[in-house]
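work15.tsv follows; it contains TSV, C-alpha atoms.
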```tsv
chain	number	residue	atom	x	y	z
A	191	MET	CA	74.98	160.25	-190.95
A	192	ILE	CA	73.05	161.46	-187.91
A	193	GLU	CA	73.53	158.06	-186.28
A	194	SER	CA	77.28	158.52	-186.62
A	195	VAL	CA	76.93	161.94	-185.00
A	196	VAL	CA	75.00	160.64	-181.97
A	197	HIS	CA	77.03	157.43	-181.61
A	198	PRO	CA	78.17	157.09	-177.95
A	199	TYR	CA	81.86	156.98	-178.88
A	200	ASN	CA	81.60	160.12	-181.03
A	201	LEU	CA	79.65	161.99	-178.34
A	202	GLN	CA	82.11	160.99	-175.63
A	203	LYS	CA	84.98	162.21	-177.77
A	204	ALA	CA	83.10	165.49	-178.34
A	205	VAL	CA	82.48	165.96	-174.60
A	206	GLU	CA	86.17	165.43	-173.84
A	207	GLN	CA	87.20	167.89	-176.56
A	208	VAL	CA	84.84	170.62	-175.33
A	209	ILE	CA	86.07	170.14	-171.76
A	210	SER	CA	89.72	170.35	-172.87
A	211	ASN	CA	88.96	173.52	-174.87
A	212	LYS	CA	87.60	175.10	-171.67
A	213	GLY	CA	85.88	178.38	-172.55
A	214	SER	CA	83.15	180.27	-170.76
A	215	ALA	CA	79.54	179.24	-170.13
A	216	GLY	CA	76.71	180.12	-172.49
A	217	VAL	CA	73.30	181.62	-171.69
A	218	ASP	CA	72.38	178.69	-169.42
A	219	GLY	CA	75.38	179.26	-167.16
A	220	ILE	CA	76.60	175.64	-167.36
A	221	LYS	CA	80.40	175.50	-167.35
A	222	THR	CA	82.61	173.00	-169.16
A	223	THR	CA	83.68	171.62	-165.77
A	224	GLN	CA	80.06	170.53	-165.17
A	225	LEU	CA	79.65	168.72	-168.49
A	226	LYS	CA	80.89	165.31	-167.34
A	227	MET	CA	78.19	165.19	-164.71
A	228	LEU	CA	75.28	166.97	-166.44
A	229	PHE	CA	75.52	165.87	-170.10
A	230	PRO	CA	74.84	162.14	-169.44
A	231	GLN	CA	71.70	163.10	-167.53
A	232	ARG	CA	70.29	164.98	-170.53
A	233	LYS	CA	71.73	162.84	-173.31
A	234	LEU	CA	68.83	160.45	-173.98
A	235	GLN	CA	66.23	163.23	-174.02
A	236	LEU	CA	68.46	165.36	-176.24
A	237	LEU	CA	69.12	162.60	-178.77
A	238	GLU	CA	65.44	161.70	-178.99
A	239	ALA	CA	64.60	165.36	-179.71
A	240	ILE	CA	67.23	165.41	-182.49
A	241	ARG	CA	65.87	162.24	-184.11
A	242	GLN	CA	62.30	163.53	-183.93
A	243	GLY	CA	63.23	166.95	-185.32
A	244	ASN	CA	62.20	168.71	-182.09
A	245	TYR	CA	65.62	169.89	-181.00
A	246	HIS	CA	66.03	173.67	-180.74
A	247	PRO	CA	69.41	175.16	-179.77
A	248	GLN	CA	69.53	177.90	-177.16
A	249	ALA	CA	70.58	181.44	-178.00
A	250	ILE	CA	74.29	182.16	-178.13
A	251	LEU	CA	75.82	184.59	-175.67
A	252	GLY	CA	77.47	187.70	-177.10
A	253	VAL	CA	80.79	188.38	-175.35
A	254	GLU	CA	83.08	191.27	-176.29
A	255	ILE	CA	86.83	190.71	-176.03
A	256	PRO	CA	89.50	193.40	-176.51
A	257	LYS	CA	91.52	193.62	-179.73
A	258	GLY	CA	95.07	194.88	-180.09
A	259	ASN	CA	93.95	198.20	-181.63
A	260	GLY	CA	91.85	199.20	-178.62
A	261	LYS	CA	88.59	198.03	-180.20
A	262	THR	CA	86.57	194.97	-179.24
A	263	ARG	CA	85.55	191.78	-181.07
A	264	LEU	CA	82.15	190.17	-180.52
A	265	LEU	CA	82.29	186.44	-179.83
A	266	GLY	CA	79.19	184.27	-179.97
A	267	VAL	CA	79.38	181.63	-177.25
A	268	PRO	CA	76.94	178.69	-177.57
A	269	THR	CA	75.89	176.73	-174.49
A	270	THR	CA	78.22	173.90	-173.52
A	271	THR	CA	75.56	171.35	-174.55
A	272	ASP	CA	75.27	172.89	-178.01
A	273	ARG	CA	79.07	172.99	-178.24
A	274	VAL	CA	79.20	169.24	-177.62
A	275	LEU	CA	76.69	168.59	-180.41
A	276	GLN	CA	78.51	170.95	-182.78
A	277	GLN	CA	81.81	169.25	-182.01
A	278	ALA	CA	80.17	165.86	-182.66
A	279	VAL	CA	78.92	167.05	-186.07
A	280	SER	CA	82.32	168.55	-186.91
A	281	GLN	CA	84.06	165.23	-186.15
A	282	VAL	CA	81.79	163.40	-188.59
A	283	ILE	CA	81.69	165.82	-191.52
A	284	ALA	CA	85.30	167.08	-191.39
A	285	PRO	CA	86.71	163.90	-193.06
A	286	LEU	CA	84.37	164.56	-196.01
A	287	PHE	CA	85.96	167.95	-196.74
A	288	GLU	CA	89.48	167.81	-195.29
A	289	PRO	CA	91.14	165.64	-198.01
A	290	LYS	CA	90.11	168.14	-200.71
A	291	PHE	CA	91.35	171.28	-198.96
A	292	ASN	CA	94.35	173.05	-200.51
A	293	ASN	CA	97.84	172.32	-199.16
A	294	ASN	CA	98.44	176.04	-198.73
A	295	SER	CA	95.57	176.30	-196.23
A	296	TYR	CA	97.07	175.98	-192.73
A	297	GLY	CA	94.42	177.16	-190.27
A	298	PHE	CA	92.54	174.72	-187.99
A	299	ARG	CA	93.56	171.61	-189.87
A	300	PRO	CA	95.16	168.38	-188.67
A	301	ASN	CA	98.96	168.33	-188.99
A	302	LYS	CA	98.97	171.99	-190.07
A	303	ASN	CA	99.97	175.00	-188.01
A	304	ALA	CA	100.89	178.67	-188.08
A	305	ARG	CA	104.64	178.08	-188.18
A	306	GLN	CA	104.24	176.03	-191.36
A	307	ALA	CA	102.30	178.92	-192.89
A	308	VAL	CA	105.03	181.40	-191.96
A	309	GLY	CA	107.71	179.03	-193.26
A	310	GLN	CA	105.93	178.74	-196.62
A	311	ALA	CA	105.63	182.53	-196.84
A	312	ARG	CA	109.36	182.89	-196.16
A	313	GLU	CA	110.12	180.32	-198.86
A	314	TYR	CA	108.09	182.32	-201.40
A	315	ILE	CA	109.98	185.48	-200.42
A	316	HIS	CA	113.30	183.67	-200.91
A	317	GLN	CA	112.09	182.82	-204.41
A	318	ARG	CA	112.06	186.59	-205.11
A	319	LEU	CA	108.29	186.85	-204.86
A	320	ASN	CA	108.79	190.08	-202.94
A	321	HIS	CA	105.60	191.94	-203.82
A	322	ILE	CA	103.04	190.65	-201.34
A	323	VAL	CA	99.28	191.16	-201.68
A	324	ASP	CA	98.21	191.32	-198.04
A	325	ILE	CA	94.42	191.07	-197.81
A	326	ASP	CA	92.35	191.51	-194.66
A	327	LEU	CA	88.72	190.41	-194.89
A	328	LYS	CA	86.33	192.87	-193.30
A	329	ASN	CA	84.47	191.24	-190.38
A	330	PHE	CA	84.68	187.83	-192.04
A	331	PHE	CA	82.94	185.78	-189.35
A	332	ASP	CA	80.09	188.30	-189.20
A	333	GLU	CA	79.58	188.45	-192.97
A	334	VAL	CA	79.44	184.78	-194.07
A	335	ASP	CA	76.44	184.24	-196.35
A	336	HIS	CA	74.30	181.39	-194.95
A	337	CYS	CA	72.75	180.32	-198.25
A	338	LEU	CA	76.12	180.08	-199.99
A	339	LEU	CA	77.65	178.15	-197.08
A	340	LEU	CA	74.72	175.71	-196.83
A	341	ASN	CA	74.87	175.03	-200.57
A	342	LEU	CA	78.56	174.16	-200.27
A	343	LEU	CA	77.82	171.90	-197.31
A	344	PHE	CA	75.01	170.11	-199.12
A	345	GLN	CA	77.40	169.02	-201.86
A	346	LYS	CA	78.81	166.43	-199.43
A	347	VAL	CA	76.38	166.34	-196.48
A	348	LYS	CA	73.18	164.71	-197.75
A	349	CYS	CA	71.69	163.95	-194.32
A	350	LYS	CA	68.65	166.18	-193.81
A	351	THR	CA	68.77	165.97	-190.02
A	352	THR	CA	72.44	167.01	-189.90
A	353	MET	CA	71.82	169.86	-192.32
A	354	ARG	CA	68.85	170.99	-190.21
A	355	LEU	CA	71.06	171.10	-187.12
A	356	ILE	CA	73.72	173.19	-188.89
A	357	ARG	CA	71.09	175.56	-190.27
A	358	GLN	CA	69.63	176.01	-186.77
A	359	TRP	CA	73.02	176.77	-185.28
A	360	LEU	CA	73.70	179.35	-187.98
A	361	ARG	CA	70.37	181.11	-187.49
A	362	VAL	CA	70.07	180.97	-183.69
A	363	PRO	CA	69.74	184.48	-182.14
A	364	ILE	CA	72.49	186.11	-180.10
A	365	ARG	CA	71.94	187.65	-176.67
A	366	ILE	CA	73.77	190.93	-176.18
A	367	ASN	CA	73.31	192.85	-172.93
A	368	GLY	CA	70.20	190.83	-172.12
A	369	LYS	CA	68.49	191.43	-175.49
A	370	LEU	CA	68.05	188.86	-178.27
A	371	GLN	CA	69.08	189.84	-181.78
A	372	LYS	CA	68.34	187.94	-184.98
A	373	ARG	CA	71.20	186.58	-187.05
A	374	ARG	CA	70.83	186.21	-190.80
A	375	LYS	CA	74.50	185.97	-191.72
A	376	GLY	CA	77.82	185.10	-190.13
A	377	VAL	CA	79.12	182.20	-188.03
A	378	PRO	CA	79.73	182.53	-184.26
A	379	GLN	CA	83.46	182.54	-183.50
A	380	GLY	CA	82.95	180.67	-180.24
A	381	SER	CA	81.49	177.62	-181.98
A	382	PRO	CA	83.56	174.42	-182.45
A	383	LEU	CA	82.04	174.18	-185.93
A	384	SER	CA	83.12	177.66	-187.08
A	385	PRO	CA	86.72	176.82	-188.10
A	386	LEU	CA	85.53	174.01	-190.38
A	387	LEU	CA	82.72	176.11	-191.86
A	388	SER	CA	85.12	178.99	-192.58
A	389	ASN	CA	87.53	176.62	-194.33
A	390	ILE	CA	84.70	175.14	-196.41
A	391	LEU	CA	83.71	178.60	-197.63
A	392	LEU	CA	87.23	179.92	-198.17
A	393	ASP	CA	88.26	176.75	-199.99
A	394	GLU	CA	86.40	178.32	-202.92
A	395	LEU	CA	88.90	181.19	-202.73
A	396	ASP	CA	91.77	178.68	-202.62
A	397	LYS	CA	90.43	177.01	-205.77
A	398	GLU	CA	90.25	180.35	-207.58
A	399	MET	CA	93.81	181.30	-206.61
A	400	THR	CA	95.04	177.84	-207.64
A	401	ARG	CA	93.23	178.16	-210.97
A	402	ARG	CA	95.07	181.43	-211.55
A	403	LYS	CA	98.39	179.73	-210.58
A	404	LEU	CA	99.00	182.18	-207.74
A	405	LYS	CA	101.44	181.55	-204.90
A	406	PHE	CA	99.53	182.06	-201.67
A	407	VAL	CA	99.35	181.23	-197.98
A	408	ARG	CA	96.08	181.11	-196.05
A	409	TYR	CA	95.52	180.65	-192.34
A	410	ALA	CA	91.74	180.76	-191.74
A	411	ASP	CA	90.64	184.21	-192.99
A	412	ASP	CA	94.20	185.59	-193.00
A	413	PHE	CA	95.79	185.19	-196.43
A	414	SER	CA	98.49	186.68	-198.62
A	415	ILE	CA	99.60	186.27	-202.24
A	416	TYR	CA	103.22	186.48	-203.43
A	417	CYS	CA	104.12	188.08	-206.78
A	418	LYS	CA	107.28	188.96	-208.73
A	419	THR	CA	106.39	192.52	-209.68
A	420	HIS	CA	104.34	195.39	-208.30
A	421	ASN	CA	102.13	195.47	-211.40
A	422	GLN	CA	101.37	191.77	-211.09
A	423	ALA	CA	100.52	192.25	-207.41
A	424	LYS	CA	98.25	195.20	-208.21
A	425	ALA	CA	96.36	193.25	-210.88
A	426	THR	CA	96.06	190.26	-208.56
A	427	GLU	CA	94.63	192.41	-205.79
A	428	VAL	CA	91.92	193.72	-208.12
A	429	VAL	CA	90.78	190.33	-209.47
A	430	ILE	CA	90.77	188.65	-206.03
A	431	ALA	CA	88.81	191.50	-204.48
A	432	LYS	CA	86.27	191.18	-207.30
A	433	PHE	CA	86.00	187.40	-206.79
A	434	LEU	CA	85.47	187.84	-203.05
A	435	LYS	CA	82.74	190.41	-203.60
A	436	THR	CA	80.83	188.73	-206.43
A	437	LYS	CA	81.23	185.02	-205.60
A	438	LEU	CA	81.59	184.87	-201.82
A	439	GLN	CA	79.78	188.07	-200.78
A	440	LEU	CA	82.84	189.21	-198.80
A	441	THR	CA	84.58	192.58	-198.81
A	442	ILE	CA	88.18	193.45	-198.02
A	443	ASN	CA	89.24	195.95	-195.40
A	444	LYS	CA	91.00	198.56	-197.55
A	445	GLU	CA	92.63	200.24	-194.56
A	446	LYS	CA	94.43	197.04	-193.53
A	447	SER	CA	94.99	195.56	-196.99
A	448	GLY	CA	97.61	196.52	-199.54
A	449	ILE	CA	100.78	195.54	-201.37
A	450	ARG	CA	103.75	195.09	-199.05
A	451	ARG	CA	107.45	194.47	-199.30
A	452	PRO	CA	108.83	191.80	-196.94
A	453	VAL	CA	110.27	194.31	-194.45
A	454	ASN	CA	106.84	195.94	-194.07
A	455	PHE	CA	104.91	192.66	-193.91
A	456	THR	CA	103.83	190.70	-190.84
A	457	LEU	CA	102.17	187.30	-190.77
A	458	LEU	CA	100.67	185.61	-187.72
A	459	GLY	CA	102.86	187.58	-185.33
A	460	PHE	CA	106.09	187.25	-187.35
A	461	GLY	CA	108.06	189.85	-189.26
A	462	PHE	CA	110.72	189.43	-191.97
A	463	VAL	CA	114.09	191.20	-191.93
A	464	PRO	CA	116.91	190.79	-194.48
A	465	THR	CA	120.11	189.03	-193.48
A	466	TYR	CA	123.38	190.57	-194.63
A	467	GLN	CA	125.85	187.79	-195.25
A	468	ARG	CA	128.51	187.52	-197.91
A	469	GLY	CA	127.33	185.44	-200.85
A	470	SER	CA	123.66	185.43	-199.87
A	471	LYS	CA	121.05	187.66	-201.45
A	472	ASN	CA	117.33	188.01	-200.86
A	473	GLN	CA	117.52	186.00	-197.63
A	474	TYR	CA	115.26	186.89	-194.71
A	475	GLN	CA	115.13	185.82	-191.11
A	476	LEU	CA	112.05	185.65	-188.92
A	477	VAL	CA	111.58	188.12	-186.08
A	478	VAL	CA	108.79	188.76	-183.61
A	479	ALA	CA	106.51	191.55	-184.86
A	480	GLU	CA	106.13	194.63	-182.65
A	481	LYS	CA	102.43	193.89	-182.19
A	482	ALA	CA	103.26	190.47	-180.75
A	483	TRP	CA	105.74	192.01	-178.29
A	484	LYS	CA	103.10	194.49	-177.21
A	485	LYS	CA	100.54	191.73	-176.63
A	486	LEU	CA	103.03	189.75	-174.53
A	487	LYS	CA	103.84	192.79	-172.41
A	488	GLU	CA	100.15	193.56	-171.87
A	489	ARG	CA	99.54	189.96	-170.78
A	490	LEU	CA	102.44	190.04	-168.31
A	491	LYS	CA	101.34	193.46	-167.09
A	492	SER	CA	97.91	192.04	-166.28
A	493	ILE	CA	99.41	189.10	-164.37
A	494	SER	CA	101.87	191.26	-162.39
A	495	ARG	CA	99.44	194.05	-161.51
A	496	LYS	CA	99.87	194.96	-157.83
A	497	THR	CA	96.15	195.41	-157.16
A	498	ALA	CA	95.20	191.96	-158.48
A	499	PRO	CA	94.14	189.69	-155.58
A	500	VAL	CA	96.35	186.81	-156.72
A	501	LYS	CA	98.79	184.76	-154.68
A	502	LEU	CA	102.46	184.66	-155.54
A	503	GLU	CA	102.32	181.00	-156.53
A	504	GLU	CA	99.46	181.68	-158.96
A	505	ARG	CA	101.29	184.61	-160.55
A	506	ILE	CA	104.44	182.55	-161.11
A	507	ALA	CA	102.41	179.67	-162.54
A	508	LYS	CA	100.65	182.03	-164.97
A	509	ILE	CA	103.91	183.69	-165.98
A	510	LYS	CA	105.45	180.29	-166.68
A	511	GLU	CA	102.41	179.26	-168.72
A	512	VAL	CA	102.55	182.42	-170.84
A	513	GLN	CA	106.33	182.14	-171.18
A	514	ARG	CA	106.19	178.49	-172.25
A	515	GLY	CA	103.54	179.05	-174.91
A	516	TRP	CA	105.08	182.26	-176.26
A	517	LEU	CA	108.63	180.92	-176.47
A	518	ASN	CA	107.46	177.71	-178.09
A	519	TYR	CA	105.53	179.65	-180.75
A	520	PHE	CA	108.37	182.07	-181.55
A	521	ARG	CA	111.23	179.58	-181.21
A	522	GLY	CA	114.04	180.10	-183.72
A	523	THR	CA	113.66	183.90	-183.91
A	524	SER	CA	116.17	186.47	-182.67
A	525	ILE	CA	114.64	187.53	-179.35
A	526	MET	CA	117.28	187.34	-176.60
A	527	GLY	CA	117.99	191.08	-176.43
A	528	LYS	CA	114.38	192.09	-176.04
A	529	LEU	CA	113.72	189.24	-173.62
A	530	ARG	CA	116.44	190.60	-171.32
A	531	ASP	CA	114.78	194.04	-171.34
A	532	LEU	CA	111.39	192.46	-170.74
A	533	ASP	CA	112.79	190.39	-167.88
A	534	GLY	CA	114.12	193.51	-166.13
A	535	TRP	CA	110.78	195.26	-166.54
A	536	LEU	CA	108.85	192.26	-165.19
A	537	ARG	CA	111.26	191.81	-162.28
A	538	ASN	CA	110.68	195.41	-161.17
A	539	ARG	CA	106.90	194.99	-161.38
A	540	LEU	CA	106.98	191.85	-159.24
A	541	ARG	CA	109.20	193.56	-156.67
A	542	TYR	CA	106.78	196.47	-156.52
A	543	ALA	CA	103.78	194.15	-156.30
A	544	PHE	CA	105.21	192.33	-153.30
A	545	GLY	CA	106.51	195.27	-151.32
A	546	THR	CA	110.26	195.27	-151.93
A	547	ILE	CA	110.22	198.93	-152.91
A	548	GLY	CA	111.71	201.02	-150.13
A	549	LYS	CA	114.07	198.38	-148.72
A	550	SER	CA	117.72	199.17	-148.09
A	551	LEU	CA	120.30	199.16	-150.89
A	552	LYS	CA	121.97	196.12	-149.35
A	553	GLU	CA	118.65	194.30	-149.20
A	554	ARG	CA	117.92	195.23	-152.82
A	555	GLU	CA	121.29	193.86	-153.91
A	556	ARG	CA	120.51	190.59	-152.13
A	557	ILE	CA	117.10	190.47	-153.79
A	558	SER	CA	118.64	191.09	-157.22
A	559	TYR	CA	121.08	188.23	-156.69
A	560	ASP	CA	118.42	185.86	-155.34
A	561	TRP	CA	115.97	186.82	-158.07
A	562	ALA	CA	118.57	186.00	-160.72
A	563	LEU	CA	119.00	182.59	-159.08
A	564	THR	CA	115.23	182.05	-158.97
A	565	LYS	CA	114.82	183.13	-162.58
A	566	THR	CA	117.53	180.68	-163.61
A	567	MET	CA	115.79	177.89	-161.68
A	568	LEU	CA	112.48	178.60	-163.42
A	569	MET	CA	114.07	178.82	-166.88
A	570	LEU	CA	115.92	175.56	-166.35
A	571	GLY	CA	112.70	173.86	-165.31
A	572	ALA	CA	113.39	173.44	-161.60
A	573	GLU	CA	110.66	171.94	-159.47
A	574	HIS	CA	107.83	174.44	-159.22
A	575	GLY	CA	107.54	174.21	-155.42
A	576	LYS	CA	111.28	174.70	-154.92
A	577	ALA	CA	111.37	177.73	-157.21
A	578	VAL	CA	108.34	179.32	-155.54
A	579	GLY	CA	109.92	178.73	-152.13
A	580	GLN	CA	113.06	180.49	-153.33
A	581	LEU	CA	110.97	183.38	-154.65
A	582	HIS	CA	109.21	183.73	-151.30
A	583	ARG	CA	112.64	184.14	-149.69
A	584	VAL	CA	113.63	186.70	-152.32
A	585	LEU	CA	110.59	188.91	-151.93
A	586	PHE	CA	109.96	188.61	-148.24
```

Could you spell out this file's structure in structure tokens?
Amino acid sequence: MIESVVHPYNLQKAVEQVISNKGSAGVDGIKTTQLKMLFPQRKLQLLEAIRQGNYHPQAILGVEIPKGNGKTRLLGVPTTTDRVLQQAVSQVIAPLFEPKFNNNSYGFRPNKNARQAVGQAREYIHQRLNHIVDIDLKNFFDEVDHCLLLNLLFQKVKCKTTMRLIRQWLRVPIRINGKLQKRRKGVPQGSPLSPLLSNILLDELDKEMTRRKLKFVRYADDFSIYCKTHNQAKATEVVIAKFLKTKLQLTINKEKSGIRRPVNFTLLGFGFVPTYQRGSKNQYQLVVAEKAWKKLKERLKSISRKTAPVKLEERIAKIKEVQRGWLNYFRGTSIMGKLRDLDGWLRNRLRYAFGTIGKSLKERERISYDWALTKTMLMLGAEHGKAVGQLHRVLF
């Protein structure tokens, strides 16, 4: 198996994937943009060390990123070289596990996505499974038991060298604020191997829920179970929590978990609201959850901040990028009303950022008209340069 991992074609594919994923540098400071030049120079020495059993991964870099609730999440970022090797291993071992994963597992899998997960949840709700067991795993990526995970891996990965590499990546220390800390459990979220490893472990949960004939949807560590009655949901919550604790060494976050009705339930940024139409009962439409709106506004607020030393062209390009991704993800939901309000708010921020505040009423009216024209051009996909030129005329 290790020869398949270090095969030139597999390594080249891994390098290209890591570069396309972008991401920050690890403890060695080497960026993904430097990989194409630097990795070939080190490749032969690196592969020889792997074959001889002398390869030792570098420490991962601890990086804190903000969460929606004001707290932070700790990401473990391996070096770009280690990320290439982890991606290469993932490409080889994933086909061994992927065919056996449950159809109701949607996270980080080929031909599966979040919208499919939300669609399946909505279908369950339409089947009158309106008592939803919403379970949040407490610090899942930090609590994964290494021994349990390695035993599950060894069922299909018999190559000692490959297993040694995975064990080393799991146990490598993390550097936080310049100090190294040991790691005896958990998988680093910044690793290309982490999504596959999390699915391998949580596939045991999928098997248990399937054995109990439960209707469920899982996207990585985010999962929910759909029941007909409150009592059934309550009993299900108890047995699944017990299975997680005793078999997988995982605990649920009681503050964020519970039994929900559809109108109080959100999944992957989507909410569910009933539709009131004659002849239709228990039908729900998808809406954007309030938390998702808040995240979008915070992102646009960051881009449009007046004090940010960013050119107009760069701001517009970033806004378009955010807009394109967000609208594509939430397509098909009822969002036009809120988008109009958001557009007015963003328009005022951009005017303020580029000094239109304080101009005459006549000038403001002209700006409002020209901005509407520019906005239309951008939404209709006009040439970027032409739209930016128009915006320059509007603001200045």

- Message: Give me, as a PyMOL selection string, all polymer residues having an atom no more than 10 Å from Trp359 in chain A, counting only C-alpha atoms and skipping those fewer than 2 positions away in the same chain.
- Response: chain A and resi 246-250+268+272+276+353-357+361-363+377-378+381+383

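Counting from CA of Asn211 in chain A, the distance to CA of Arg408 in chain A is 23.6 Å.
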
- Query: Within 12 Å of range 519-528 of chain A, counting all atoms listed in the file, which residues qualify if same-chain residues fewer than 5 places away don't, as a PyMOL selection string?
  - Reply: chain A and resi 303-306+308-309+458-463+465+474-480+482-484+486-487+512-514+533-535

- Task: Identify which of the residues A:Val428, A:Ile390, A:Ala410, A:Leu490 lies closest to Leu286 in chain A, counting only C-alpha atoms when measuring atom-to-atom distances.
- Result: A:Ile390

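Reported to one decimal place, the separation of CA of Asn518 in chain A from CA of Asn538 in chain A is 24.7 Å.
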
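Closest to Ala431 in chain A among A:Leu340, A:Met191, A:Leu327, A:Leu392 is A:Leu327, based on only C-alpha atoms.
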
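Those residues positioned at most 9 Å from (66.1, 167.4, -185.6) are Leu237, Glu238, Ala239, Ile240, Arg241, Gln242, Gly243, Asn244, Tyr245, His246, Lys350, Thr351, Thr352, Arg354 and Leu355 of chain A, judged using all atoms listed in the file.
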
Quick one: which range 396-472 of chain A residues come within 9 Å of range 322-325 of chain A, and what is the nearest atom pair for each with the distance in Å to one decimal, counting only C-alpha atoms, rows ordered by chain and ascending number, as CSV?
```
residue,atom,partner,partner_atom,distance
A:Asp412,CA,A:Ile325,CA,7.3
A:Phe413,CA,A:Ile325,CA,6.2
A:Ser414,CA,A:Asp324,CA,4.7
A:Ile415,CA,A:Val323,CA,4.9
A:Tyr416,CA,A:Ile322,CA,4.7
A:Cys417,CA,A:Ile322,CA,6.1
A:Lys418,CA,A:Ile322,CA,8.7
A:His420,CA,A:Ile322,CA,8.5
A:Ala423,CA,A:Val323,CA,6.0
A:Lys424,CA,A:Val323,CA,7.7
A:Thr426,CA,A:Val323,CA,7.6
A:Glu427,CA,A:Val323,CA,6.3
A:Ala431,CA,A:Ile325,CA,8.7
A:Ile442,CA,A:Ile325,CA,6.7
A:Asn443,CA,A:Ile325,CA,7.5
A:Lys444,CA,A:Ile325,CA,8.2
A:Lys446,CA,A:Ile325,CA,7.3
A:Ser447,CA,A:Ile325,CA,4.6
A:Gly448,CA,A:Asp324,CA,5.4
A:Ile449,CA,A:Val323,CA,4.6
A:Arg450,CA,A:Ile322,CA,5.0
A:Arg451,CA,A:Ile322,CA,6.2
A:Pro452,CA,A:Ile322,CA,7.4
A:Phe455,CA,A:Ile322,CA,7.9
```

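Across the model, the gap from CA of Ala507 in chain A to CA of Ile255 in chain A is 23.4 Å.
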